[in-house]
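Shown next: input_31.tsv, containing TSV, N, CA and C atoms.
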chain	number	residue	atom	x	y	z
K	1	MET	N	142.71	137.57	81.56
K	1	MET	CA	141.65	136.76	80.98
K	1	MET	C	140.52	136.53	81.99
K	2	PHE	N	140.87	136.15	83.23
K	2	PHE	CA	139.85	135.92	84.25
K	2	PHE	C	139.82	137.08	85.24
K	3	ASP	N	138.64	137.37	85.75
K	3	ASP	CA	138.46	138.44	86.72
K	3	ASP	C	138.89	137.93	88.09
K	4	SER	N	139.94	138.52	88.67
K	4	SER	CA	140.47	138.06	89.95
K	4	SER	C	139.44	138.20	91.07
K	5	LEU	N	138.49	139.10	90.92
K	5	LEU	CA	137.44	139.24	91.91
K	5	LEU	C	136.61	137.96	91.98
K	6	ILE	N	136.36	137.35	90.84
K	6	ILE	CA	135.50	136.16	90.78
K	6	ILE	C	136.30	134.88	90.99
K	7	THR	N	137.55	134.84	90.56
K	7	THR	CA	138.33	133.61	90.66
K	7	THR	C	138.74	133.26	92.08
K	8	ASN	N	138.66	134.21	92.99
K	8	ASN	CA	138.95	133.92	94.39
K	8	ASN	C	138.01	132.80	94.85
K	9	PRO	N	138.54	131.72	95.43
K	9	PRO	CA	137.69	130.57	95.80
K	9	PRO	C	136.50	130.91	96.70
K	10	GLY	N	136.70	131.76	97.69
K	10	GLY	CA	135.60	132.11	98.58
K	10	GLY	C	134.51	132.89	97.86
K	11	ARG	N	134.91	133.86	97.08
K	11	ARG	CA	133.92	134.66	96.35
K	11	ARG	C	133.22	133.83	95.28
K	12	LEU	N	133.96	132.91	94.66
K	12	LEU	CA	133.34	132.04	93.67
K	12	LEU	C	132.30	131.13	94.32
K	13	ARG	N	132.58	130.64	95.52
K	13	ARG	CA	131.59	129.83	96.25
K	13	ARG	C	130.34	130.63	96.53
K	14	ILE	N	130.51	131.87	96.95
K	14	ILE	CA	129.35	132.73	97.26
K	14	ILE	C	128.53	132.95	95.99
K	15	LEU	N	129.17	133.32	94.90
K	15	LEU	CA	128.45	133.59	93.66
K	15	LEU	C	127.74	132.37	93.11
K	16	THR	N	128.40	131.20	93.17
K	16	THR	CA	127.74	130.00	92.64
K	16	THR	C	126.58	129.57	93.53
K	17	ALA	N	126.72	129.75	94.84
K	17	ALA	CA	125.61	129.43	95.74
K	17	ALA	C	124.42	130.35	95.47
K	18	LEU	N	124.71	131.63	95.22
K	18	LEU	CA	123.64	132.58	94.94
K	18	LEU	C	123.08	132.40	93.53
K	19	ALA	N	123.84	131.80	92.63
K	19	ALA	CA	123.32	131.53	91.29
K	19	ALA	C	122.22	130.48	91.37
K	20	VAL	N	122.34	129.56	92.32
K	20	VAL	CA	121.33	128.51	92.50
K	20	VAL	C	120.11	129.06	93.22
K	21	HIS	N	120.34	129.78	94.31
K	21	HIS	CA	119.28	130.42	95.09
K	21	HIS	C	119.69	131.89	95.23
K	22	PRO	N	119.16	132.77	94.37
K	22	PRO	CA	119.66	134.15	94.26
K	22	PRO	C	119.59	135.01	95.51
K	23	SER	N	118.81	134.63	96.49
K	23	SER	CA	118.71	135.42	97.70
K	23	SER	C	118.76	134.47	98.89
K	24	GLN	N	119.77	134.65	99.74
K	24	GLN	CA	119.94	133.76	100.89
K	24	GLN	C	120.34	134.55	102.13
K	25	GLU	N	119.88	134.08	103.26
K	25	GLU	CA	120.29	134.69	104.52
K	25	GLU	C	121.74	134.31	104.81
K	26	PHE	N	122.41	135.19	105.52
K	26	PHE	CA	123.83	135.02	105.84
K	26	PHE	C	124.10	133.65	106.44
K	27	VAL	N	123.30	133.24	107.41
K	27	VAL	CA	123.53	131.97	108.12
K	27	VAL	C	123.47	130.79	107.16
K	28	ARG	N	122.50	130.79	106.26
K	28	ARG	CA	122.37	129.69	105.30
K	28	ARG	C	123.54	129.72	104.32
K	29	LEU	N	123.90	130.88	103.83
K	29	LEU	CA	125.00	131.02	102.88
K	29	LEU	C	126.32	130.60	103.53
K	30	ARG	N	126.48	130.93	104.80
K	30	ARG	CA	127.68	130.50	105.54
K	30	ARG	C	127.77	128.98	105.56
K	31	SER	N	126.66	128.33	105.78
K	31	SER	CA	126.62	126.87	105.81
K	31	SER	C	126.90	126.27	104.43
K	32	VAL	N	126.28	126.83	103.41
K	32	VAL	CA	126.43	126.32	102.04
K	32	VAL	C	127.86	126.48	101.54
K	33	THR	N	128.51	127.58	101.87
K	33	THR	CA	129.85	127.87	101.36
K	33	THR	C	130.97	127.35	102.26
K	34	SER	N	130.62	126.98	103.48
K	34	SER	CA	131.61	126.53	104.48
K	34	SER	C	132.65	127.61	104.79
K	35	LEU	N	132.26	128.87	104.68
K	35	LEU	CA	133.14	129.98	105.02
K	35	LEU	C	132.88	130.39	106.47
K	36	THR	N	133.89	130.99	107.10
K	36	THR	CA	133.69	131.52	108.44
K	36	THR	C	132.88	132.81	108.35
K	37	ASP	N	132.35	133.25	109.47
K	37	ASP	CA	131.60	134.52	109.48
K	37	ASP	C	132.44	135.65	108.92
K	38	GLY	N	133.69	135.75	109.38
K	38	GLY	CA	134.55	136.84	108.94
K	38	GLY	C	134.87	136.78	107.45
K	39	ASN	N	135.18	135.58	106.95
K	39	ASN	CA	135.47	135.44	105.52
K	39	ASN	C	134.26	135.77	104.66
K	40	LEU	N	133.09	135.24	105.06
K	40	LEU	CA	131.88	135.50	104.29
K	40	LEU	C	131.57	136.99	104.29
K	41	ALA	N	131.66	137.63	105.44
K	41	ALA	CA	131.36	139.06	105.53
K	41	ALA	C	132.33	139.89	104.68
K	42	THR	N	133.62	139.55	104.74
K	42	THR	CA	134.62	140.30	103.98
K	42	THR	C	134.42	140.12	102.48
K	43	HIS	N	134.23	138.89	102.05
K	43	HIS	CA	134.00	138.63	100.62
K	43	HIS	C	132.70	139.27	100.14
K	44	ALA	N	131.67	139.22	100.97
K	44	ALA	CA	130.38	139.80	100.59
K	44	ALA	C	130.50	141.31	100.41
K	45	ARG	N	131.22	141.97	101.30
K	45	ARG	CA	131.42	143.42	101.15
K	45	ARG	C	132.17	143.75	99.86
K	46	ARG	N	133.15	142.95	99.55
K	46	ARG	CA	133.94	143.17	98.32
K	46	ARG	C	133.05	142.97	97.09
K	47	LEU	N	132.22	141.92	97.10
K	47	LEU	CA	131.32	141.67	95.97
K	47	LEU	C	130.25	142.75	95.87
K	48	ARG	N	129.80	143.25	97.02
K	48	ARG	CA	128.80	144.34	97.01
K	48	ARG	C	129.41	145.61	96.43
K	49	SER	N	130.64	145.91	96.81
K	49	SER	CA	131.27	147.14	96.30
K	49	SER	C	131.49	147.07	94.79
K	50	ALA	N	131.59	145.87	94.24
K	50	ALA	CA	131.73	145.69	92.79
K	50	ALA	C	130.37	145.60	92.09
K	51	GLY	N	129.29	145.63	92.87
K	51	GLY	CA	127.95	145.59	92.29
K	51	GLY	C	127.47	144.19	91.93
K	52	LEU	N	128.17	143.15	92.44
K	52	LEU	CA	127.79	141.79	92.09
K	52	LEU	C	126.72	141.20	93.01
K	53	LEU	N	126.61	141.76	94.20
K	53	LEU	CA	125.52	141.33	95.07
K	53	LEU	C	125.05	142.48	95.92
K	54	ALA	N	123.85	142.32	96.45
K	54	ALA	CA	123.25	143.33	97.33
K	54	ALA	C	123.16	142.72	98.73
K	55	ILE	N	123.32	143.57	99.73
K	55	ILE	CA	123.22	143.13	101.12
K	55	ILE	C	122.11	143.92	101.79
K	56	ASP	N	121.15	143.20	102.36
K	56	ASP	CA	120.02	143.83	103.04
K	56	ASP	C	120.05	143.41	104.50
K	57	LYS	N	119.98	144.39	105.39
K	57	LYS	CA	119.95	144.10	106.82
K	57	LYS	C	118.59	144.49	107.36
K	58	SER	N	117.99	143.56	108.10
K	58	SER	CA	116.68	143.81	108.67
K	58	SER	C	116.61	143.13	110.04
K	59	PHE	N	115.44	143.18	110.66
K	59	PHE	CA	115.24	142.54	111.96
K	59	PHE	C	114.05	141.60	111.87
K	60	ARG	N	114.18	140.44	112.49
K	60	ARG	CA	113.08	139.48	112.59
K	60	ARG	C	113.00	139.04	114.05
K	61	ASP	N	111.87	139.30	114.66
K	61	ASP	CA	111.68	138.98	116.08
K	61	ASP	C	112.78	139.60	116.94
K	62	GLY	N	113.17	140.82	116.59
K	62	GLY	CA	114.16	141.56	117.36
K	62	GLY	C	115.60	141.15	117.09
K	63	LYS	N	115.81	140.19	116.16
K	63	LYS	CA	117.16	139.73	115.86
K	63	LYS	C	117.57	140.21	114.47
K	64	PRO	N	118.83	140.62	114.31
K	64	PRO	CA	119.29	141.07	112.99
K	64	PRO	C	119.36	139.91	112.00
K	65	VAL	N	118.93	140.19	110.78
K	65	VAL	CA	118.97	139.21	109.70
K	65	VAL	C	119.62	139.88	108.49
K	66	THR	N	120.66	139.27	107.97
K	66	THR	CA	121.34	139.79	106.79
K	66	THR	C	121.05	138.88	105.62
K	67	THR	N	120.58	139.47	104.53
K	67	THR	CA	120.25	138.71	103.33
K	67	THR	C	121.13	139.18	102.19
K	68	LEU	N	121.74	138.23	101.49
K	68	LEU	CA	122.59	138.53	100.34
K	68	LEU	C	121.85	138.10	99.08
K	69	THR	N	121.87	138.97	98.07
K	69	THR	CA	121.15	138.71	96.83
K	69	THR	C	122.07	138.95	95.64
K	70	LEU	N	122.10	138.00	94.73
K	70	LEU	CA	122.88	138.14	93.51
K	70	LEU	C	122.22	139.17	92.61
K	71	THR	N	122.98	140.14	92.15
K	71	THR	CA	122.43	141.17	91.26
K	71	THR	C	122.48	140.66	89.81
K	72	ASP	N	121.80	141.36	88.92
K	72	ASP	CA	121.87	141.01	87.50
K	72	ASP	C	123.30	141.13	86.99
K	73	HIS	N	124.00	142.16	87.47
K	73	HIS	CA	125.41	142.34	87.10
K	73	HIS	C	126.26	141.16	87.60
K	74	GLY	N	125.96	140.68	88.81
K	74	GLY	CA	126.67	139.55	89.38
K	74	GLY	C	126.45	138.27	88.60
K	75	ARG	N	125.21	138.04	88.20
K	75	ARG	CA	124.89	136.85	87.39
K	75	ARG	C	125.60	136.93	86.04
K	76	ALA	N	125.61	138.10	85.43
K	76	ALA	CA	126.27	138.27	84.14
K	76	ALA	C	127.78	138.06	84.27
K	77	ALA	N	128.38	138.56	85.35
K	77	ALA	CA	129.82	138.40	85.57
K	77	ALA	C	130.17	136.94	85.80
K	78	LEU	N	129.35	136.24	86.57
K	78	LEU	CA	129.59	134.81	86.80
K	78	LEU	C	129.44	134.02	85.51
K	79	LYS	N	128.42	134.35	84.74
K	79	LYS	CA	128.20	133.67	83.46
K	79	LYS	C	129.40	133.89	82.53
K	80	GLN	N	129.90	135.11	82.47
K	80	GLN	CA	131.06	135.41	81.63
K	80	GLN	C	132.29	134.63	82.11
K	81	HIS	N	132.45	134.51	83.42
K	81	HIS	CA	133.57	133.74	83.97
K	81	HIS	C	133.46	132.28	83.53
K	82	VAL	N	132.28	131.71	83.64
K	82	VAL	CA	132.07	130.31	83.25
K	82	VAL	C	132.32	130.13	81.76
K	83	GLU	N	131.88	131.07	80.95
K	83	GLU	CA	132.12	130.98	79.50
K	83	GLU	C	133.61	131.02	79.19
K	84	ARG	N	134.34	131.90	79.85
K	84	ARG	CA	135.80	131.98	79.63
K	84	ARG	C	136.49	130.70	80.08
K	85	LEU	N	136.05	130.17	81.20
K	85	LEU	CA	136.63	128.93	81.70
K	85	LEU	C	136.35	127.78	80.74
K	86	THR	N	135.14	127.72	80.24
K	86	THR	CA	134.76	126.68	79.28
K	86	THR	C	135.60	126.80	78.01
K	87	GLN	N	135.82	128.01	77.54
K	87	GLN	CA	136.66	128.22	76.36
K	87	GLN	C	138.09	127.77	76.64
K	88	ALA	N	138.58	128.05	77.83
K	88	ALA	CA	139.96	127.71	78.18
K	88	ALA	C	140.18	126.21	78.22
K	89	ILE	N	139.17	125.46	78.59
K	89	ILE	CA	139.33	124.01	78.67
K	89	ILE	C	138.69	123.29	77.49
K	90	GLY	N	138.43	124.02	76.43
K	90	GLY	CA	137.80	123.45	75.25
K	90	GLY	C	138.43	122.15	74.79
K	91	SER	N	137.97	121.63	73.69
K	91	SER	CA	138.44	120.36	73.16
K	91	SER	C	139.94	120.40	72.88
K	92	PRO	N	140.65	119.33	73.21
K	92	PRO	CA	142.08	119.29	72.91
K	92	PRO	C	142.29	119.14	71.40
K	93	PRO	N	143.44	119.56	70.90
K	93	PRO	CA	143.72	119.39	69.47
K	93	PRO	C	143.66	117.91	69.10
K	94	GLN	N	143.27	117.63	67.88
K	94	GLN	CA	143.09	116.25	67.44
K	94	GLN	C	144.35	115.40	67.63
K	95	GLN	N	145.52	115.95	67.36
K	95	GLN	CA	146.74	115.15	67.47
K	95	GLN	C	147.03	114.78	68.93
K	96	ALA	N	146.45	115.52	69.89
K	96	ALA	CA	146.70	115.22	71.29
K	96	ALA	C	145.79	114.11	71.81
K	97	ILE	N	144.76	113.78	71.05
K	97	ILE	CA	143.84	112.72	71.48
K	97	ILE	C	144.47	111.38	71.15
K	98	ALA	N	144.60	110.53	72.16
K	98	ALA	CA	145.21	109.22	71.95
K	98	ALA	C	144.35	108.38	71.02
K	99	GLN	N	144.99	107.78	70.05
K	99	GLN	CA	144.31	106.89	69.12
K	99	GLN	C	144.38	105.47	69.67
K	100	PRO	N	143.27	104.75	69.60
K	100	PRO	CA	143.29	103.38	70.12
K	100	PRO	C	144.30	102.53	69.36
K	101	ASP	N	145.03	101.72	70.07
K	101	ASP	CA	146.04	100.83	69.49
K	101	ASP	C	145.71	99.43	69.96
K	102	SER	N	145.64	98.50	69.06
K	102	SER	CA	145.24	97.14	69.42
K	102	SER	C	146.17	96.53	70.46
K	103	GLN	N	147.45	96.92	70.49
K	103	GLN	CA	148.37	96.37	71.45
K	103	GLN	C	148.14	96.95	72.85
K	104	ASP	N	147.57	98.15	72.92
K	104	ASP	CA	147.30	98.78	74.20
K	104	ASP	C	145.85	98.59	74.64
K	105	ASP	N	145.17	97.64	74.04
K	105	ASP	CA	143.76	97.44	74.28
K	105	ASP	C	143.55	96.47	75.46
K	106	TRP	N	143.92	96.92	76.64
K	106	TRP	CA	143.76	96.08	77.82
K	106	TRP	C	143.20	96.93	78.95
K	107	VAL	N	142.64	96.28	79.93
K	107	VAL	CA	142.02	96.98	81.05
K	107	VAL	C	142.96	96.90	82.24
K	108	ASP	N	143.12	97.99	82.90
K	108	ASP	CA	143.99	98.06	84.07
K	108	ASP	C	143.37	97.40	85.25
I need this file expressed as structure tokens, please.
Amino acid sequence: MFDSLITNPGRLRILTALAVHPSQEFVRLRSVTSLTDGNLATHARRLRSAGLLAIDKSFRDGKPVTTLTLTDHGRAALKQHVERLTQAIGSPPQQAIAQPDSQDDWVD
């Protein structure tokens, strides 16, 4: 039902962070996701190989800069994951909803 690539907590953090700001430098994304350099790099490579994000390496003032960008495919995959999750936690059946009872009408 759920895509194991996306349900991984680290990769889900990366995708949701990029859903808010679709293109972020590695250092900022590391801070936002609270992942280590190694975890972020490993998850990013896995997401790139699946076509969910793009990785661009460049230089700024002689220093390497890595930018990760959510692809259209990545946004669609994340959206589908959220839709499936929303369906899974949909409204409970009516009989499972507690009915108010005057005897249980007290505040804890």
Hey, which of K:Leu40, K:Leu68, K:Ala17, K:Ala88 ends up closest to Asp56 (chain K)? Count all atoms listed in the file.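 Of all the options, K:Leu68 lies closest to Asp56 (chain K).
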With distances taken over only C-alpha atoms, which of K:Val20, K:Thr86, K:Arg60, K:Thr66 is nearest to Asp37 (chain K)? K:Thr66
For His43 (chain K), which residue among K:Arg75, K:His21, K:Arg84, K:Arg11 is the nearest when counting only N, CA and C atoms? K:Arg11
Using CA of Gly51 (chain K) and CA of Ile89 (chain K) as the two end points, give the distance in Å to one decimal.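 It comes out at 27.9 Å.
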Select, from K:Asp61, K:Leu47, K:Leu18, K:Val32, the residue with the minimum atom-to-atom distance to Leu5 (chain K), counting all atoms listed in the file. K:Leu47
Find the residues near Ala19 (chain K): any atom within 8 Å, counting all atoms listed in the file, skip ones fewer than 5 places away on the same chain, and give them as a PyMOL selection string. chain K and resi 13-14+69-70+74-75
Give me, as a count of residues only, all polymer residues having an atom no more than 8 Å from Asp3 (chain K), counting all atoms listed in the file and skipping those fewer than 5 positions away in the same chain. 3
What is the CA of Lys57 (chain K) to CA of Ala44 (chain K) distance in Å?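 Computing the Euclidean distance for CA of Lys57 (chain K) and CA of Ala44 (chain K) yields 12.9 Å.
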Taking the backbone alone, and naming residues the way the document does, which bits of chain K are helix (DSSP H, G or I) by DSSP, as a PyMOL selection string? chain K and resi 4-7+9-20+26-33+37-49+72-88+94-96+102-104
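Take atom N of Ser58 (chain K) and atom N of Leu12 (chain K): the distance between them is 23.4 Å.
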Give the answer as one residue: which of K:Met1, K:Ile6, K:Ala50, K:Ile55 has the shortest atom-to-atom distance to His73 (chain K), using all atoms listed in the file?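 Among K:Met1, K:Ile6, K:Ala50, K:Ile55, it is K:Ala50 that comes nearest to His73 (chain K).
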Missing atoms in region 44-55 of chain K should be modelled up to all heavy atoms and reported as a CSV table (one decimal), in the coordinates of the input.
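Printed below is result-v2.csv as written:
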chain,number,residue,atom,x,y,z
K,44,ALA,N,131.7,139.2,101.0
K,44,ALA,CA,130.4,139.8,100.6
K,44,ALA,C,130.5,141.3,100.4
K,44,ALA,O,130.0,141.9,99.5
K,44,ALA,CB,129.3,139.5,101.6
K,45,ARG,N,131.2,142.0,101.3
K,45,ARG,CA,131.4,143.4,101.2
K,45,ARG,C,132.2,143.8,99.9
K,45,ARG,O,131.8,144.7,99.2
K,45,ARG,CB,132.2,144.0,102.4
K,45,ARG,CG,131.3,144.2,103.6
K,45,ARG,CD,132.0,145.0,104.7
K,45,ARG,NE,133.2,144.4,105.1
K,45,ARG,CZ,133.3,143.5,106.2
K,45,ARG,NH1,132.2,143.2,106.8
K,45,ARG,NH2,134.5,143.1,106.5
K,46,ARG,N,133.2,143.0,99.6
K,46,ARG,CA,133.9,143.2,98.3
K,46,ARG,C,133.0,143.0,97.1
K,46,ARG,O,133.1,143.8,96.1
K,46,ARG,CB,135.1,142.2,98.3
K,46,ARG,CG,136.0,142.3,97.1
K,46,ARG,CD,137.1,143.4,97.4
K,46,ARG,NE,137.8,143.6,96.2
K,46,ARG,CZ,138.9,143.0,95.8
K,46,ARG,NH1,139.4,142.0,96.5
K,46,ARG,NH2,139.5,143.3,94.7
K,47,LEU,N,132.2,141.9,97.1
K,47,LEU,CA,131.3,141.7,96.0
K,47,LEU,C,130.2,142.8,95.9
K,47,LEU,O,129.9,143.2,94.8
K,47,LEU,CB,130.7,140.3,96.1
K,47,LEU,CG,131.6,139.1,95.9
K,47,LEU,CD1,131.0,137.8,96.4
K,47,LEU,CD2,132.1,139.0,94.5
K,48,ARG,N,129.8,143.2,97.0
K,48,ARG,CA,128.8,144.3,97.0
K,48,ARG,C,129.4,145.6,96.4
K,48,ARG,O,128.8,146.3,95.6
K,48,ARG,CB,128.3,144.6,98.4
K,48,ARG,CG,127.2,145.8,98.4
K,48,ARG,CD,126.8,146.2,99.8
K,48,ARG,NE,128.0,146.7,100.5
K,48,ARG,CZ,128.1,146.9,101.8
K,48,ARG,NH1,127.0,146.6,102.5
K,48,ARG,NH2,129.2,147.4,102.3
K,49,SER,N,130.6,145.9,96.8
K,49,SER,CA,131.3,147.1,96.3
K,49,SER,C,131.5,147.1,94.8
K,49,SER,O,131.5,148.1,94.1
K,49,SER,CB,132.6,147.4,97.0
K,49,SER,OG,133.6,146.5,96.7
K,50,ALA,N,131.6,145.9,94.2
K,50,ALA,CA,131.7,145.7,92.8
K,50,ALA,C,130.4,145.6,92.1
K,50,ALA,O,130.3,145.5,90.9
K,50,ALA,CB,132.5,144.4,92.5
K,51,GLY,N,129.3,145.6,92.9
K,51,GLY,CA,128.0,145.6,92.3
K,51,GLY,C,127.5,144.2,91.9
K,51,GLY,O,126.5,144.0,91.2
K,52,LEU,N,128.2,143.2,92.4
K,52,LEU,CA,127.8,141.8,92.1
K,52,LEU,C,126.7,141.2,93.0
K,52,LEU,O,126.0,140.3,92.6
K,52,LEU,CB,129.0,140.9,92.1
K,52,LEU,CG,130.2,141.3,91.1
K,52,LEU,CD1,131.3,140.3,91.2
K,52,LEU,CD2,129.6,141.5,89.7
K,53,LEU,N,126.6,141.8,94.2
K,53,LEU,CA,125.5,141.3,95.1
K,53,LEU,C,125.0,142.5,95.9
K,53,LEU,O,125.7,143.5,96.1
K,53,LEU,CB,125.9,140.1,95.9
K,53,LEU,CG,127.0,140.2,96.9
K,53,LEU,CD1,126.6,140.8,98.2
K,53,LEU,CD2,127.5,138.7,97.2
K,54,ALA,N,123.8,142.3,96.4
K,54,ALA,CA,123.2,143.3,97.3
K,54,ALA,C,123.2,142.7,98.7
K,54,ALA,O,123.0,141.5,98.9
K,54,ALA,CB,121.9,143.7,96.8
K,55,ILE,N,123.3,143.6,99.7
K,55,ILE,CA,123.2,143.1,101.1
K,55,ILE,C,122.1,143.9,101.8
K,55,ILE,O,122.1,145.2,101.8
K,55,ILE,CB,124.5,143.3,101.9
K,55,ILE,CG1,125.7,142.5,101.2
K,55,ILE,CG2,124.4,142.9,103.3
K,55,ILE,CD1,127.1,142.8,101.8
